[in-house]
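As structure tokens, the structure follows; a few thoughts come after it.
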Number of protein chains: 2
Amino acid sequence: MFDAPFTFSIPLPLPIPSRQDNHIRRRLSSLKGQFLDTAEYKRMLAEEDRLVYEVYEIRRPKVAGELLSGISIVHPGKVGSEFFMTKGHFHTVLDTPEVYYILKGEGFMVMETPEGEACVEPLLPNRVLYVPPRWAHRSVCTSRQDDLVTFFVYPGNAGHDYGTIEEQGFRKLVVDSGGRIEIIDNPRWKK
Amino acid sequence: MFDAPFTFSIPLPLPIPSRQDNHIRRRLSSLKGQFLDTAEYKRMLAEEDRLVYEVYEIRRPKVAGELLSGISIVHPGKVGSEFFMTKGHFHTVLDTPEVYYILKGEGFMVMETPEGEACVEPLLPNRVLYVPPRWAHRSVCTSRQDDLVTFFVYPGNAGHDYGTIEEQGFRKLVVDSGGRIEIIDNPRWKK
């Protein structure tokens with residue numbers, strides 16, 4: 001009955017879906033090289049390999065005529081002044097988009113194209129974000145106490161290219177500047 | 001800047017999105033032949049061509065590498081014992097799916113394949129429904145007072161085939177049976 005319609009619930013405020021085909025947990029160690037303050041990153045990692053974000057994936061065939069969806073949960077935290085965030089990625093099939101519906105929390109989506117355009121959009125509950133084809137995207141949780149919880153949908157054939165971002169980073173960073181959230185240029189961004 | 005990322009809000013409990021590229025209003029007259037009680041349909045229509053449902057579409061290119069999304073609002077009401085519902089459709093590109101996130105209200109999604117399989121799934125807030133490729137789908141609002149409000153996402157190339165359903169109807173109907181919601185076989189369904 002793989003192809004029968006199905007429903008599942010997201011019992012907010014608890015963001016854990018009633019159907020879970022795959023549960024991904026990303027810890028500090030998997031974000032090596034991504035945070036600006038490398039000394040503070042090392043110090044924190046030596047203390048505890050903290051859970052930074054989780055993804056619950058709903059499994060469907062990874063082909064163009066399907067949609068992959070799931071729940072993304074970015075936990076609150078900072079490395080130095082930089083907020084906790086996802087690894088971020090391009091889609092392997094670059095010309096595919098993604099749609100986000102924000103369920104809970106506060107944050108930003110940091111985005112950029114291979115051509116070097118950058119865009120940072122605020123994420124708030126009951127908002128929809130459209131990430132057009134070609135835009136790499138990374139979620140950042142800026143709330144001090146609450147998780148940033150989003151529901152995402154993208155084409156089944158999109159795939160994930162993490163390598164490009166691991167190497168060059170994003171052009172923009174979201175940081176806490178003495179209690180104010182600031183979006184700054186990444187001094188280490190390389191093209 | 002057509003291809004820049006964008007966000008819009010759905011300021012619930014008001015379901016009207018802050019971005020509206022296209023607003024579709026479907027009235028009783030556009031559902032001719034779909035309700036079982038044709039005498040009551042005629043009587044109601046002579047009295048007033050009531051608004052049955054509305055769709056706010058977010059415009060994107062209608063190609064495979066894009067996603068179309070929007071808000072569907074089915075108003076409460078009945079024609080005889082049958083609840084207000086959408087026209088319902090197959091996708092023109094049959095092998096494309098649709099994902100619904102239910103924002104508000106109560107109802108059902110009535111679905112069927114060209115091969116004659118039928119499925120009716122309950123819709124409740126904070127639930128996700130996956131409509132796999134090949135399944136025609138129709139939303140039904142069973143609340144007496146509240147709109148059924150859903151956020152939908154489907155591939156840009158899917159298209160809508162309304163004709164097949166207009167001709168043969170759905171196999172299942174959702175009706176009020178003395179205060180209880182019942183799912184019954186459609187006596188007029190033809191294949």
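Going through the structure tokens in order, the chains are called A, B, and so on, while each chain numbers its residues from 1 and the ligands are numbered from 1 in the order shown.
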Excluding region 103-115 of chain A and any residue of its chain fewer than 2 positions from it, enumerate the residues within 6 Å of it, using only C-alpha atoms, and give them as a compact mmCIF listing (two decimals) with C-alpha atoms, in the first residue's frame.
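So the final result, stored in result_13.txt, reads:
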# COMPACT_ATOMS: atom_id res chain seq x y z
CA GLU A 117 23.35 36.73 -5.28
CA ALA A 118 22.48 36.64 -1.55
CA CYS A 119 19.15 36.90 0.27
CA VAL A 120 18.15 36.54 3.92
CA GLU A 121 14.45 36.21 4.76
CA PRO A 122 12.88 36.28 8.24
CA LEU A 123 11.03 33.14 9.38
CA LEU A 124 8.03 33.52 11.67
CA PRO A 125 5.05 31.26 12.46
CA ARG A 134 19.11 27.62 -7.83
CA TRP A 135 19.11 29.09 -4.29
CA ALA A 136 21.16 27.32 -1.60
CA HIS A 137 19.42 27.60 1.76
CA ARG A 138 20.26 27.37 5.47
CA SER A 139 17.87 27.80 8.44
CA VAL A 140 19.06 29.82 11.44
CA CYS A 141 17.29 29.79 14.83
CA THR A 142 17.46 33.20 16.52
CA SER A 143 15.11 32.53 19.42
CA ASP A 146 12.37 28.08 21.36
CA ASP A 147 13.13 25.70 18.53
CA LEU A 148 12.67 26.94 14.97
CA VAL A 149 10.24 24.42 13.47
CA THR A 150 9.42 24.34 9.75
Kindly provide, as a PyMOL selection string, the residues of chain B having any atom no farther than 7 Å from an atom of chain A, counting only C-alpha atoms.
chain B and resi 3-11+65-67+95-97+126-132
Between CA of Lys62 (chain B) and CA of Ile165 (chain B), what is the spacing in Å?
22.4 Å
Got a sec to tell me which of region 16-189 of chain A DSSP assigns to alpha helix (DSSP H), as a list in words?
Thr38, Ala39, Glu40, Tyr41, Lys42, Arg43, Met44, Leu45, Ala46, Glu47, Gly163, Thr164, Ile165, Glu166, Glu167 and Gln168 of chain A
Using DSSP on the backbone coordinates, identify all residues within region 66-157 of chain B classified as strand (DSSP E or B); present the result as a PyMOL selection string.
chain B and resi 67-74+78-79+82-83+85+89-90+98-104+107-112+118-123+127-131+136-141+148-155
Rounded to one decimal in Å, what is the spacing between CA of Ile184 (chain B) and CA of Arg171 (chain B)?
8.5 Å
Contacts of Gln34 (chain B) at 8 Å or less, counting only C-alpha atoms, minus same-chain residues fewer than 5 places along, as a compact mmCIF listing (two decimals) with all heavy atoms, in the first residue's frame?
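Generated output (selection25.txt):
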# COMPACT_ATOMS: atom_id res chain seq x y z
N LYS B 87 -14.69 21.24 -6.52
CA LYS B 87 -15.00 20.48 -7.73
C LYS B 87 -14.24 19.16 -7.74
O LYS B 87 -14.78 18.12 -8.10
CB LYS B 87 -14.59 21.29 -8.98
CG LYS B 87 -15.54 22.42 -9.33
CD LYS B 87 -14.96 23.33 -10.41
CE LYS B 87 -14.89 22.69 -11.76
NZ LYS B 87 -15.91 23.18 -12.70
N GLU B 166 -16.20 15.89 -13.44
CA GLU B 166 -17.49 16.50 -13.79
C GLU B 166 -18.41 15.45 -14.42
O GLU B 166 -19.61 15.46 -14.23
CB GLU B 166 -17.28 17.66 -14.77
CG GLU B 166 -16.94 18.97 -14.06
CD GLU B 166 -16.54 20.08 -15.02
OE1 GLU B 166 -16.62 19.88 -16.25
OE2 GLU B 166 -16.12 21.15 -14.52
N GLY B 169 -18.16 11.94 -11.51
CA GLY B 169 -18.24 12.14 -10.06
C GLY B 169 -17.16 11.35 -9.33
O GLY B 169 -16.29 10.75 -9.95
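With distances restricted to only C-alpha atoms, B:Pro76 is the closest residue to Gln145 (chain B) from B:Pro61, B:Pro13, B:Gly33, B:Pro76.
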Set the distance at 7 Å and use only C-alpha atoms: which residues neighbour region 51-53 of chain A once local chain neighbours fewer than 3 positions away are removed? I'd like the list as a PyMOL selection string.
chain A and resi 25-28+73-75+84+86
Pick from B:Ala46, B:Arg188, B:Ile71, B:Phe170, whichever lies nearest to Leu14 (chain B) using only C-alpha atoms:
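Among the listed residues, the smallest separation from Leu14 (chain B) belongs to B:Ile71.
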Nearest candidate to Met44 (chain B) (options B:Gly77, B:Asn186, B:His23, B:Gly178; using only C-alpha atoms):
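Going through B:Gly77, B:Asn186, B:His23, B:Gly178 one by one, the smallest distance to Met44 (chain B) is for B:Gly77.
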